[in-house]
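Enquirer: mmCIF, C-alpha atoms, saved as query05.cif, coming up:
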data_start
loop_
_atom_site.label_atom_id
_atom_site.label_comp_id
_atom_site.auth_asym_id
_atom_site.auth_seq_id
_atom_site.Cartn_x
_atom_site.Cartn_y
_atom_site.Cartn_z
CA MET A 11 0.45 -75.66 -33.32
CA LYS A 12 -0.19 -72.90 -35.81
CA LEU A 13 -3.45 -72.11 -34.13
CA LYS A 14 -1.70 -71.96 -30.78
CA ILE A 15 0.81 -69.39 -32.07
CA ILE A 16 -1.94 -67.32 -33.59
CA THR A 17 -4.00 -67.39 -30.38
CA LEU A 18 -0.97 -66.58 -28.29
CA SER A 19 0.09 -63.63 -30.42
CA LEU A 20 -3.51 -62.46 -30.49
CA ILE A 21 -3.64 -62.49 -26.70
CA LEU A 22 -0.29 -60.70 -26.56
CA LEU A 23 -1.51 -58.10 -29.01
CA THR A 24 -4.69 -57.41 -27.05
CA MET A 25 -2.62 -57.11 -23.92
CA ILE A 26 -0.33 -54.53 -25.50
CA VAL A 27 -3.18 -52.59 -27.02
CA SER A 28 -5.27 -52.54 -23.86
CA CYS A 29 -2.17 -51.72 -21.85
CA GLN A 30 -1.48 -48.72 -24.03
CA SER A 31 -5.03 -47.50 -23.86
CA GLN A 32 -4.89 -47.97 -20.08
CA ASP A 33 -1.96 -45.58 -20.01
CA GLN A 34 -3.68 -43.19 -22.35
CA LEU A 35 -6.82 -43.37 -20.30
CA GLU A 36 -4.88 -42.60 -17.17
CA PHE A 37 -3.18 -39.67 -18.86
CA LYS A 38 -6.51 -38.28 -20.03
CA ARG A 39 -8.00 -38.62 -16.58
CA TYR A 40 -5.06 -36.85 -14.94
CA TYR A 41 -4.96 -34.16 -17.60
CA THR A 42 -8.69 -33.35 -17.48
CA SER A 43 -8.85 -33.14 -13.68
CA GLY A 44 -5.60 -31.20 -13.74
CA SER A 45 -6.99 -28.60 -16.09
CA LEU A 46 -9.83 -27.87 -13.63
CA ILE A 47 -7.42 -27.59 -10.70
CA TYR A 48 -5.26 -25.28 -12.80
CA GLN A 49 -8.18 -22.96 -13.54
CA GLN A 50 -9.11 -22.77 -9.86
CA ARG A 51 -5.73 -22.66 -8.20
CA CYS A 52 -3.04 -21.50 -10.61
CA GLN A 53 -4.53 -19.56 -13.52
CA ASN A 54 -5.01 -16.27 -11.65
CA CYS A 55 -1.26 -16.04 -11.22
CA HIS A 56 0.24 -18.00 -14.10
CA GLY A 57 -2.36 -17.03 -16.71
CA LYS A 58 -4.73 -18.87 -19.02
CA ASN A 59 -1.91 -19.79 -21.38
CA GLY A 60 0.76 -20.20 -18.72
CA GLU A 61 2.14 -16.82 -19.73
CA GLY A 62 2.85 -15.54 -16.19
CA LEU A 63 2.79 -11.82 -15.37
CA SER A 64 5.68 -9.61 -16.47
CA ALA A 65 8.61 -10.05 -14.06
CA LEU A 66 6.32 -10.82 -11.13
CA ILE A 67 5.13 -14.34 -11.93
CA PRO A 68 7.08 -16.74 -14.16
CA PRO A 69 5.51 -18.40 -17.20
CA LEU A 70 5.08 -22.17 -17.24
CA THR A 71 6.43 -22.47 -20.77
CA ASP A 72 10.07 -23.26 -20.00
CA SER A 73 10.14 -26.97 -20.94
CA VAL A 74 13.85 -27.22 -20.17
CA PHE A 75 13.37 -25.89 -16.63
CA LEU A 76 10.34 -28.12 -16.04
CA ALA A 77 12.13 -31.25 -17.28
CA ALA A 78 15.26 -30.47 -15.26
CA ASN A 79 13.17 -29.94 -12.12
CA LYS A 80 10.62 -32.70 -12.69
CA GLN A 81 11.40 -34.32 -9.31
CA LYS A 82 10.95 -31.00 -7.50
CA LEU A 83 7.73 -29.67 -9.07
CA ALA A 84 5.48 -31.36 -6.49
CA CYS A 85 7.55 -29.82 -3.68
CA PHE A 86 7.35 -26.35 -5.29
CA VAL A 87 3.59 -26.45 -5.57
CA LYS A 88 2.90 -28.11 -2.20
CA TYR A 89 5.25 -26.12 0.00
CA GLY A 90 5.52 -22.94 -2.07
CA LEU A 91 8.60 -21.46 -3.67
CA ASN A 92 10.66 -18.56 -2.42
CA THR A 93 14.03 -18.90 -4.12
CA GLU A 94 15.23 -17.15 -7.23
CA VAL A 95 14.42 -19.06 -10.41
CA VAL A 96 15.51 -18.36 -13.98
CA ILE A 97 12.70 -19.04 -16.45
CA ASN A 98 13.19 -18.49 -20.18
CA GLY A 99 16.37 -16.61 -19.31
CA LYS A 100 14.63 -14.17 -16.94
CA LYS A 101 15.04 -13.97 -13.16
CA PHE A 102 12.05 -14.30 -10.82
CA GLU A 103 12.28 -13.77 -7.09
CA ASP A 104 8.76 -13.37 -5.75
CA GLN A 105 6.91 -15.88 -3.64
CA MET A 106 4.57 -18.68 -4.61
CA PRO A 107 2.35 -19.58 -1.62
CA ALA A 108 2.02 -23.16 -0.35
CA THR A 109 -1.14 -25.14 -1.21
CA ASP A 110 -3.16 -27.87 0.48
CA LEU A 111 -3.44 -30.03 -2.65
CA THR A 112 -3.34 -33.80 -2.09
CA PRO A 113 -0.70 -35.95 -3.85
CA VAL A 114 -3.31 -37.06 -6.42
CA GLU A 115 -4.32 -33.45 -7.12
CA LEU A 116 -0.65 -32.46 -7.39
CA ALA A 117 -0.11 -35.27 -9.90
CA GLU A 118 -3.13 -34.13 -11.90
CA VAL A 119 -2.26 -30.45 -12.04
CA LEU A 120 1.40 -31.18 -12.79
CA THR A 121 0.41 -33.57 -15.57
CA TYR A 122 -1.72 -30.76 -16.99
CA VAL A 123 1.03 -28.12 -16.71
CA THR A 124 3.81 -30.30 -18.09
CA ASN A 125 1.65 -31.24 -21.10
CA SER A 126 0.22 -27.81 -21.92
CA PHE A 127 1.65 -24.47 -23.06
CA GLY A 128 4.05 -26.26 -25.44
CA ASN A 129 5.31 -28.77 -22.84
CA LYS A 130 5.17 -32.52 -23.45
CA MET A 131 6.42 -34.58 -20.55
CA GLY A 132 3.79 -37.32 -20.22
CA THR A 133 1.97 -38.38 -17.04
CA ILE A 134 3.29 -37.47 -13.62
CA SER A 135 1.60 -40.13 -11.47
CA ALA A 136 0.45 -39.95 -7.86
CA GLU A 137 3.09 -42.60 -7.02
CA GLN A 138 5.81 -40.43 -8.50
CA VAL A 139 4.49 -37.39 -6.63
CA ASN A 140 4.52 -39.34 -3.37
CA ALA A 141 8.12 -40.37 -3.99
CA HIS A 142 9.11 -36.80 -4.94
CA LEU A 143 7.44 -35.37 -1.84
CA GLN A 144 9.68 -37.56 0.33
CA GLN A 145 12.67 -35.67 -0.99
CA CYS A 146 11.48 -32.08 -0.45
CA ARG A 147 13.95 -29.95 1.35
CA MET B 15 -22.70 -12.82 -2.33
CA ARG B 16 -20.39 -11.68 -5.07
CA LYS B 17 -22.64 -13.41 -7.57
CA LEU B 18 -25.61 -11.51 -6.23
CA ALA B 19 -23.74 -8.24 -6.42
CA GLY B 20 -22.77 -9.12 -9.96
CA LEU B 21 -26.38 -9.82 -10.88
CA LEU B 22 -27.53 -6.58 -9.34
CA PHE B 23 -24.82 -4.85 -11.21
CA ILE B 24 -25.87 -6.36 -14.52
CA VAL B 25 -29.48 -5.33 -13.92
CA LEU B 26 -28.37 -1.82 -13.04
CA PHE B 27 -26.14 -1.78 -16.01
CA TYR B 28 -28.87 -2.77 -18.42
CA SER B 29 -31.29 -0.26 -17.04
CA ALA B 30 -28.58 2.34 -17.40
CA CYS B 31 -28.15 1.30 -21.01
CA LYS B 32 -31.87 1.60 -21.67
CA PHE B 33 -31.85 5.00 -20.11
CA ASN B 34 -29.33 6.00 -22.69
CA ASP B 35 -31.01 4.37 -25.68
CA GLY B 36 -31.59 7.68 -27.39
CA ASN B 37 -27.93 8.54 -27.41
CA LYS B 38 -25.92 5.39 -27.58
CA THR B 39 -22.54 7.03 -27.24
CA THR B 40 -23.12 8.50 -23.78
CA LEU B 41 -22.01 6.64 -20.70
CA PRO B 42 -24.25 6.65 -17.62
CA ILE B 43 -23.38 8.75 -14.58
CA TYR B 44 -23.36 6.75 -11.35
CA GLY B 45 -23.81 7.72 -7.74
CA ASN B 46 -26.25 9.92 -5.88
CA ARG B 47 -27.56 13.04 -7.51
CA ASP B 48 -29.19 16.11 -6.07
CA ALA B 49 -31.50 18.63 -7.61
CA VAL B 50 -30.36 22.11 -6.75
CA THR B 51 -32.53 25.12 -7.36
CA LYS B 52 -30.75 28.30 -8.18
CA THR B 53 -31.60 31.64 -9.60
CA VAL B 54 -30.13 32.61 -12.94
CA ASP B 55 -31.05 36.02 -14.43
CA GLY B 56 -34.02 36.27 -12.11
CA LYS B 57 -35.39 32.89 -13.23
CA THR B 58 -35.47 29.80 -11.05
CA VAL B 59 -33.74 26.78 -12.65
CA VAL B 60 -33.21 23.28 -11.37
CA ASP B 61 -29.73 21.91 -11.75
CA THR B 62 -28.59 18.34 -11.23
CA VAL B 63 -25.54 17.95 -9.08
CA TYR B 64 -23.79 14.61 -9.45
CA GLN B 65 -21.76 12.80 -6.86
CA THR B 66 -18.05 13.37 -7.38
CA ILE B 67 -14.85 11.94 -5.94
CA PRO B 68 -13.81 14.36 -3.15
CA PRO B 69 -10.29 15.76 -2.66
CA PHE B 70 -7.68 13.16 -1.65
CA ASN B 71 -4.01 12.96 -0.80
CA PHE B 72 -1.76 9.95 -1.39
CA ILE B 73 1.86 9.16 -2.23
CA ASN B 74 2.78 7.38 -5.45
CA GLN B 75 5.54 4.87 -6.23
CA TYR B 76 8.02 7.69 -6.86
CA GLY B 77 7.34 9.26 -3.45
CA ASP B 78 5.42 12.17 -5.03
CA SER B 79 2.30 13.53 -3.42
CA ILE B 80 -0.79 12.83 -5.53
CA THR B 81 -4.02 14.76 -4.99
CA GLU B 82 -7.21 15.42 -6.93
CA LYS B 83 -5.25 18.25 -8.60
CA SER B 84 -2.87 15.69 -10.12
CA VAL B 85 -5.74 14.25 -12.16
CA LYS B 86 -7.27 17.61 -13.09
CA GLY B 87 -8.52 17.39 -16.66
CA ASP B 88 -7.86 13.65 -16.80
CA ILE B 89 -10.02 10.60 -17.25
CA TYR B 90 -8.89 7.88 -14.89
CA VAL B 91 -9.47 4.31 -13.83
CA ALA B 92 -9.22 3.49 -10.10
CA ASP B 93 -8.81 0.14 -8.40
CA PHE B 94 -7.84 -1.30 -5.01
CA PHE B 95 -5.21 -4.02 -4.54
CA PHE B 96 -2.20 -5.09 -2.48
CA THR B 97 1.12 -6.41 -3.72
CA THR B 98 1.05 -9.68 -1.77
CA CYS B 99 -2.50 -10.56 -2.83
CA PRO B 100 -2.53 -14.18 -3.96
CA SER B 101 -6.04 -14.26 -5.38
CA ILE B 102 -7.57 -11.76 -7.81
CA CYS B 103 -4.91 -9.03 -7.98
CA PRO B 104 -2.60 -10.78 -10.46
CA VAL B 105 -5.56 -11.20 -12.84
CA MET B 106 -6.68 -7.61 -12.31
CA HIS B 107 -3.27 -6.21 -13.06
CA ARG B 108 -2.69 -8.55 -16.00
CA ASN B 109 -5.86 -6.95 -17.41
CA MET B 110 -4.97 -3.42 -16.26
CA LEU B 111 -1.65 -3.81 -18.07
CA LYS B 112 -3.64 -4.11 -21.28
CA ILE B 113 -5.36 -0.78 -20.56
CA TYR B 114 -2.01 0.77 -19.61
CA ASN B 115 -0.40 -0.35 -22.86
CA ASP B 116 -3.31 1.01 -24.89
CA PHE B 117 -3.33 4.45 -23.27
CA LYS B 118 0.15 5.05 -21.85
CA ASN B 119 0.90 7.68 -24.48
CA VAL B 120 -2.36 9.52 -23.96
CA SER B 121 -1.84 12.72 -21.97
CA ASP B 122 -5.31 12.99 -20.39
CA PHE B 123 -5.49 9.45 -19.02
CA LYS B 124 -4.34 7.96 -15.71
CA ILE B 125 -4.64 4.79 -13.65
CA LEU B 126 -4.77 5.04 -9.85
CA SER B 127 -4.18 1.75 -8.01
CA HIS B 128 -4.67 2.15 -4.27
CA THR B 129 -3.01 -0.32 -1.93
CA ILE B 130 -5.28 -1.47 0.88
CA ASP B 131 -2.26 -2.80 2.80
CA PRO B 132 -0.17 0.37 3.29
CA LYS B 133 1.75 -1.19 6.19
CA HIS B 134 3.45 -3.67 3.88
CA ASP B 135 3.18 -1.75 0.62
CA SER B 136 5.62 1.09 1.26
CA VAL B 137 6.71 3.45 -1.50
CA GLU B 138 9.75 1.22 -2.15
CA VAL B 139 7.62 -1.92 -2.34
CA LEU B 140 5.23 -0.20 -4.76
CA LYS B 141 8.11 1.04 -6.92
CA LYS B 142 9.56 -2.45 -7.13
CA TYR B 143 6.12 -3.85 -7.98
CA ALA B 144 5.66 -1.26 -10.74
CA ASP B 145 9.12 -2.00 -12.15
CA LYS B 146 8.47 -5.73 -12.22
CA LEU B 147 5.08 -5.22 -13.79
CA GLY B 148 6.81 -3.21 -16.52
CA VAL B 149 5.20 0.12 -15.64
CA SER B 150 7.17 3.37 -15.90
CA GLY B 151 6.36 7.04 -16.40
CA ASN B 152 3.35 8.85 -14.98
CA THR B 153 0.33 7.11 -16.50
CA TRP B 154 -0.13 4.44 -13.83
CA TRP B 155 0.31 5.44 -10.20
CA PHE B 156 0.41 3.00 -7.28
CA LEU B 157 -0.88 4.95 -4.31
CA GLN B 158 -0.14 4.59 -0.65
CA GLY B 159 -1.82 6.51 2.16
CA LYS B 160 -3.56 6.19 5.49
CA LYS B 161 -5.48 2.95 5.58
CA ALA B 162 -8.65 4.57 6.93
CA GLU B 163 -8.62 7.19 4.16
CA THR B 164 -8.15 4.59 1.46
CA TYR B 165 -10.98 2.47 2.82
CA GLN B 166 -13.23 5.48 3.21
CA LEU B 167 -12.56 6.60 -0.36
CA GLY B 168 -13.27 3.10 -1.66
CA GLU B 169 -16.47 2.49 0.25
CA LYS B 170 -18.01 5.94 0.49
CA ASN B 171 -16.91 7.47 -2.77
CA TYR B 172 -16.09 4.76 -5.29
CA LEU B 173 -18.88 2.74 -3.67
CA ILE B 174 -17.10 -0.60 -3.70
CA ALA B 175 -16.33 -3.01 -0.88
CA VAL B 176 -12.78 -2.78 0.40
CA LYS B 177 -12.62 -4.77 3.61
CA GLN B 178 -10.04 -6.46 5.72
CA ASP B 179 -10.97 -9.98 6.69
CA ASP B 180 -8.40 -12.27 8.20
CA GLY B 181 -10.36 -15.33 7.15
CA ALA B 182 -9.65 -14.79 3.47
CA ALA B 183 -6.56 -15.80 1.54
CA GLY B 184 -3.98 -13.11 2.09
CA GLY B 185 -6.04 -11.57 4.89
CA TYR B 186 -8.17 -9.21 2.81
CA VAL B 187 -11.49 -9.39 1.06
CA HIS B 188 -12.09 -7.02 -1.75
CA GLN B 189 -13.75 -6.95 -5.09
CA GLY B 190 -11.91 -6.52 -8.31
CA TRP B 191 -13.80 -3.54 -9.65
CA PHE B 192 -12.21 -1.06 -12.03
CA VAL B 193 -13.98 2.29 -11.67
CA LEU B 194 -14.02 4.74 -14.57
CA VAL B 195 -13.98 8.40 -13.56
CA ASP B 196 -14.46 11.34 -15.91
CA LYS B 197 -12.77 14.74 -16.06
CA GLN B 198 -15.36 16.10 -13.62
CA ARG B 199 -14.53 13.31 -11.14
CA ARG B 200 -17.92 11.67 -11.69
CA ILE B 201 -18.19 7.87 -11.82
CA ARG B 202 -19.01 6.71 -15.34
CA GLY B 203 -18.59 2.94 -15.18
CA TYR B 204 -17.87 -0.17 -13.11
CA TYR B 205 -16.07 -3.16 -14.64
CA ASP B 206 -15.05 -6.51 -13.19
CA GLY B 207 -11.27 -6.29 -13.47
CA THR B 208 -10.95 -10.07 -13.45
CA ASP B 209 -13.09 -10.44 -16.58
CA GLU B 210 -11.33 -9.90 -19.90
CA LYS B 211 -14.57 -9.07 -21.72
CA GLN B 212 -15.52 -6.33 -19.27
CA VAL B 213 -12.02 -4.94 -19.52
CA ASP B 214 -12.40 -4.75 -23.31
CA LYS B 215 -15.64 -2.85 -22.71
CA LEU B 216 -13.79 -0.50 -20.40
CA ILE B 217 -11.20 0.20 -23.09
CA ALA B 218 -14.02 1.03 -25.52
CA ASP B 219 -15.72 3.23 -22.91
CA ILE B 220 -12.51 5.18 -22.24
CA LYS B 221 -12.39 5.98 -25.95
CA THR B 222 -16.04 7.06 -25.87
CA LEU B 223 -15.44 9.23 -22.83
CA ARG B 224 -12.45 10.91 -24.49
CA THR B 225 -14.70 12.07 -27.32
CA GLU B 226 -17.13 13.76 -24.92
CA THR B 227 -16.94 17.47 -25.59
CA ASP B 228 -16.65 20.10 -22.87
CA GLU B 229 -20.18 21.20 -23.64
CA GLN B 230 -21.53 17.73 -22.88
CA ILE B 231 -19.35 17.57 -19.81
CA ALA B 232 -20.76 20.84 -18.51
CA GLN B 233 -24.30 19.45 -18.40
#
What do you get writing this file as structure tokens?

Expert:
Amino acid sequence: MKLKIITLSLILLTMIVSCQSQDQLEFKRYYTSGSLIYQQRCQNCHGKNGEGLSALIPPLTDSVFLAANKQKLACFVKYGLNTEVVINGKKFEDQMPATDLTPVELAEVLTYVTNSFGNKMGTISAEQVNAHLQQCR
Amino acid sequence: MRKLAGLLFIVLFYSACKFNDGNKTTLPIYGNRDAVTKTVDGKTVVDTVYQTIPPFNFINQYGDSITEKSVKGDIYVADFFFTTCPSICPVMHRNMLKIYNDFKNVSDFKILSHTIDPKHDSVEVLKKYADKLGVSGNTWWFLQGKKAETYQLGEKNYLIAVKQDDGAAGGYVHQGWFVLVDKQRRIRGYYDGTDEKQVDKLIADIKTLRTETDEQIAQ
């Protein structure tokens, strides 16, 4: 009986631990690929440290904006953005062009952005991106 | 192709450096040069005539006419861009902003950014761009003019590729060179405007060039 409980809790423990490291592994994978996509597709405009460019291109450091618009980020990056946004209290009104990134690539680059430059929002998965893309207007 | 050009450039650059080994503080002079024989006091002397930037005429973001006379006695940096450029221009102007902030209070220094898309980049568009970039005053001019003249100046005189190509992102292909021009309108340096390290070198070279005396310039 005692042995059974010990074995059971041991199995449970391994499951939890491996589950966590699965998540962490997934995060790392997304984040690393995302950082490469960022360098190739976003950095010229948004800057190495997500600092943006004066009043022309917004920084990616506004955690409040990013969290509030989490469901829309995939739409912004896939279809481009051409509406006025207020980032860190400043207005931006220029255009971000659309991209041809796949849902997985969108998930990777968004995971990178929302966990860099002082942001900490965790993984944005390909499943989430697919769901978010259904709701683009 | 760009890589190859870069390599060639580096090789050229190093040979230029070697050439100047004896006097480390002098920048090379680029472009074609001609030997001209003339007679001074009855003696025949050979003079070197360097390639210079010819007269030009553009309009800046304030609607003022800008010619070679507007940069008389000035050192300047020239580049080619367009406001809707999605690729290298934001990086170039993020870096140019650094140069602007370092030298905006210097009276004998200017930046001339030529738009290669004058149809879209009107004076109003350029003014708005300058405002948003945080540029005011008369250190950094955004210049608009006839497309053919801008292209000609870029390719024939600054010796950099400025081409329209509808296959590229944004419809234009061009290289992100910053060209350093001295008070005699001679080309003294080429720098990749997308590379922070080269831009730091440019800032150092502007300082070097500003210490060049008139006597050295006259040579």

Enquirer: Given a cut-off of 8 Å, which residues of chain A touch chain B, counting all atoms listed in the file, written out as a VMD selection string?

Expert: chain A and resid 54 to 55 57 63 to 66 107

Enquirer: Next, the residues of the selection above should be written as a PDB file, in the coordinates of the input with C-alpha atoms.

Expert:
ATOM      1  CA  ASN A  54      -5.010 -16.270 -11.650  1.00  0.00           C
ATOM      2  CA  CYS A  55      -1.260 -16.040 -11.220  1.00  0.00           C
ATOM      3  CA  GLY A  57      -2.360 -17.030 -16.710  1.00  0.00           C
ATOM      4  CA  LEU A  63       2.790 -11.820 -15.370  1.00  0.00           C
ATOM      5  CA  SER A  64       5.680  -9.610 -16.470  1.00  0.00           C
ATOM      6  CA  ALA A  65       8.610 -10.050 -14.060  1.00  0.00           C
ATOM      7  CA  LEU A  66       6.320 -10.820 -11.130  1.00  0.00           C
ATOM      8  CA  PRO A 107       2.350 -19.580  -1.620  1.00  0.00           C
TER       9      PRO A 107
END

Enquirer: Since I can't run it myself right now, could you work out what the PyMOL selection byres ((chain A and resi 59) around 9) selects here and report it as a ChimeraX atom specification?

Expert: /A:53,56-58,60-62,69-71,126-127

Enquirer: What separation in Å, quoted to one decimal, exists between CA of Asn125 in chain A and CA of Asn140 in chain A?

Expert: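 Those two atoms sit 19.7 Å apart.
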
Enquirer: Could you jot down the CA of Lys118 in chain B to CA of Ser150 in chain B separation for me, Å, one decimal place?

Expert: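 Between CA of Lys118 in chain B and CA of Ser150 in chain B the gap works out to 9.4 Å.
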
Enquirer: Residues around (2.4, -30.9, -8.6), cut-off 9 Å, counting all atoms listed in the file - what are they as a PyMOL selection string?

Expert: chain A and resi 82-88+111+113-121+123+134+139

Enquirer: The selected residues should be written to file as a compact mmCIF listing (two decimals), keeping the file's coordinate frame (atoms: C-alpha atoms).

Expert:
# COMPACT_ATOMS: atom_id res chain seq x y z
CA LYS A 82 10.95 -31.00 -7.50
CA LEU A 83 7.73 -29.67 -9.07
CA ALA A 84 5.48 -31.36 -6.49
CA CYS A 85 7.55 -29.82 -3.68
CA PHE A 86 7.35 -26.35 -5.29
CA VAL A 87 3.59 -26.45 -5.57
CA LYS A 88 2.90 -28.11 -2.20
CA LEU A 111 -3.44 -30.03 -2.65
CA PRO A 113 -0.70 -35.95 -3.85
CA VAL A 114 -3.31 -37.06 -6.42
CA GLU A 115 -4.32 -33.45 -7.12
CA LEU A 116 -0.65 -32.46 -7.39
CA ALA A 117 -0.11 -35.27 -9.90
CA GLU A 118 -3.13 -34.13 -11.90
CA VAL A 119 -2.26 -30.45 -12.04
CA LEU A 120 1.40 -31.18 -12.79
CA THR A 121 0.41 -33.57 -15.57
CA VAL A 123 1.03 -28.12 -16.71
CA ILE A 134 3.29 -37.47 -13.62
CA VAL A 139 4.49 -37.39 -6.63

Enquirer: Name all residues at most 8 Å from range 20-37 of chain A (count all atoms listed in the file; drop same-chain ones fewer than 4 positions away) and give them as an NGL selection string.

Expert: :A and (16 or 41 or 121 or 132-133)

Enquirer: Would you output that residue set with C-alpha atoms, as a PDB file, in the frame of the given file?

Expert:
ATOM      1  CA  ILE A  16      -1.940 -67.320 -33.590  1.00  0.00           C
ATOM      2  CA  TYR A  41      -4.960 -34.160 -17.600  1.00  0.00           C
ATOM      3  CA  THR A 121       0.410 -33.570 -15.570  1.00  0.00           C
ATOM      4  CA  GLY A 132       3.790 -37.320 -20.220  1.00  0.00           C
ATOM      5  CA  THR A 133       1.970 -38.380 -17.040  1.00  0.00           C
TER       6      THR A 133
END

Enquirer: By how many Å are CA of Asp93 in chain B and CA of Ile47 in chain A apart?

Expert: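 So the answer is 27.9 Å.
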
Enquirer: For the structure provided, state which residues fall under the PyMOL selection byres ((chain A and resi 98) around 10), and present them as a ChimeraX atom specification.

Expert: /A:68-75,95-97,99-101
